[in-house]
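Student: This is the structure I want to talk about, given as structure tokens.
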2 protein chains.
Amino acid sequence: VRTVAGVLEAALSRLFSETVKITGAGRTDSGVHATGQVVSLITACAMPVERMELALNSLLPADCSVREIRIVEDGFSARFSAIERTYVYAILNRTQRSALLERYAWHVARPLDLEAMQAAAQQVLGEHDFRSFCTPSAAGSADDPASTVRNVTRLWIERRERFVRVEVAANAFLHRMVRSLVGTLTEVGKGRRRAAEMGSILAAGDRSAAGPAAPARGLYLAGVRYARGYDSYDEPAVFCRRPTDA
Amino acid sequence: VRTVAGVLEAALSRLFSETVKITGAGRTDSGVHATGQVVSLITACAMPVERMELALNSLLPADCSVREIRIVEDGFSARFSAIERTYVYAILNRTQRSALLERYAWHVARPLDLEAMQAAAQQVLGEHDFRSFCTPSAAGSADDPASTVRNVTRLWIERRERFVRVEVAANAFLHRMVRSLVGTLTEVGKGRRRAAEMGSILAAGDRSAAGPAAPARGLYLAGVRYARGYDSYDEPAVFCRRPTDA
């Protein structure tokens with residue numbers, strides 16, 4: 001299977017003439033866009049970073065690119081040093097689908113009730129057990145359950161022209177957590193579930209209590225935050241402008 | 001060759017159980033995005049338009065979609081009744097290219113001087129002979145020259161975050177006219193040409209006087225205007241929000 005990590009490691013290994021292993025801040029399933037992904041690696045190469053950026057992007061295929069390279073302190077890990085990840089989910093909310101956005105947004109034809117979705121989102125904020133919103137394998141086995149407690153620090157839903165944009169940040173995410181949250185919030189937006197149900201879905205601790213996962217194509221790993229200020233953020237191009245005061 | 005027109009005619013012919021020929025408002029070369037394209041056709045089918053829209057989009061492949069269908073008066077032609085076409089050109093203006101935007105914007109690494117580009121654009125506004133900004137075949141032969149006079153009613157350049165967005169409207173366009181204008185304006189933005197040169201390029205009446213054409217991938221046929229109010233407009237998704245007061 002061709003993966004972004006594999007493509008990147010191959011280009012880096014060629015650039016540095018040594019075998020390079022990378023560590024990514026967040027996992028992205030097939031079809032998910034990693035616009036704000038951060039990876040870390042160790043190399044003996046002393047090339048200036050500006051030259052490294054240009055050389056790497058010229059070695060990478062058209063569907064993979066690097067925005068910036070930085071030198072970091074010893075012990076830094078893109079994964080373990082991260083204190084917050086931000087995902088953005090794009091819903092195209094109008095009657096007709098869009099050919100150009102086919103791979104970049106989820107098309108939901110029925111007008112979504114944003115107030116209801118925002119009310120539901122309020123109940124998810126903060127530290128909770130998100131077992132109901134992840135794939136069963138992420139919750140571990142009955143003998144050896146994994147901790148499924150996560151801290152959602154931001155869950156912001158807004159309309160931007162023909163889109164509904166969902167932004168969710170947490171210390172870390174479980175597998176399929178964002179897509180399960182968005183899928184369930186969308187059921188609230190369609191009037192199929194009441195906003196007040198979110199609390200009982202969380203309390204159930206059972207994946208079947210929540211709605212289906214939203215498709216991968218609308219999901220973007222937009223940003224990663226670090227204590228030492230190596231933050232990344234790249235708004236999906238379908239939105240382009242950031243909210244002016246959010 | 002697979003074309004949008006061909007794909008659309010095949011789906012319409014299937015939907016209406018008759019051979020359908022469409023007329024498009026504007027030609028789009030391979031790689032150009034036709035977000036605001038309008039086509040007209042004649043059919044005996046009396047299906048309600050809402051059902052027609054849903055049925056047509058379900059027959060079309062994922063990379064082709066229709067936003068709206070309207071019933072128009074006799075004699076209407078998407079092409080001949082159009083009084084103005086609007087094209088939008090997307091330039092990704094930052095050091096590093098973007099994998100996700102590869103097919104949707106032209107990457108120009110050098111920072112562009114927008115004031116110089118705007119000054120150059122001023123000289124193009126209005127009615128001129130655009131022979132210098134079209135493919136030679138569009139200008140006809142020496143024995144039988146075609147009219148290359150067009151009226152540019154709007155040429156607006158602005159920065160939107162990492163993008164430079166060029167919007168150009170005219171009564172009609174010559175083949176490659178927008179891409180030749182954008183390519184030349186970009187040379188001004190890079191400091192390779194002076195803004196004041198635009199007048200002499202127009203006066204030269206010679207394609208070689210202008211800069212190279214910008215690539216097709218950044219170009220969008222965004223809108224078409226009609227005297228009877230059947231206007232279309234669809235901002236490319238890479239920008240999403242329209243200027244608030246432009």
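We label chains A, B, ... in the order they appear in the structure tokens, count residues from 1 in each chain, and number ligands from 1 in the order shown.
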For range 68-83 of chain B, please output as a ChimeraX atom specification all residues within 7 Å (counting only C-alpha atoms; exclusion window: fewer than 6 positions along the same chain).

Tutor: /B:23-26,38-40,49,53,171,224-227

Student: Kindly export the residues of the current selection with C-alpha atoms, as a CSV table (one decimal), in the first residue's frame.

Tutor:
```
chain,number,residue,atom,x,y,z
B,23,THR,CA,-24.7,24.6,-26.2
B,24,GLY,CA,-22.2,25.9,-23.7
B,25,ALA,CA,-21.7,29.5,-22.7
B,26,GLY,CA,-17.9,29.3,-22.6
B,38,VAL,CA,-24.1,27.3,-18.3
B,39,VAL,CA,-25.5,25.0,-21.0
B,40,SER,CA,-28.8,25.2,-22.9
B,49,VAL,CA,-37.0,20.4,-12.9
B,53,GLU,CA,-31.7,17.8,-11.2
B,171,ASN,CA,-18.5,40.5,-23.0
B,224,VAL,CA,-22.1,33.9,-16.9
B,225,ARG,CA,-24.5,36.9,-17.0
B,226,TYR,CA,-27.7,37.1,-19.2
B,227,ALA,CA,-30.0,40.0,-19.9
```

Student: Check every residue of chain B for an atom within 6 Å of chain A, counting only C-alpha atoms, and provide those that qualify as a ChimeraX atom specification.

Tutor: /B:62-65,67,96,98-99,237-240

Student: So that I can check the secondary structure, give me every residue of range 87-222 of chain B assigned alpha helix (DSSP H) by backbone DSSP, as a PyMOL selection string.

Tutor: chain B and resi 114-122+177-189+197-204

Student: I need the residues of range 9-216 of chain B that end up classed as strand (DSSP E or B) by DSSP on the backbone, written out as a ChimeraX atom specification.

Tutor: /B:23-24,33,39-40,82-92,106-107,126-129,140,145,149-160,163-170

Student: List the neighbours of Ala214 in chain A out to 8 Å using only C-alpha atoms; skip same-chain residues closer than 5 positions along the sequence, and give me the result as a list in words.

Tutor: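 Final neighbour list, sorted by chain and number: Trp106, Arg179, Ser180, Val182 and Gly183 of chain A.
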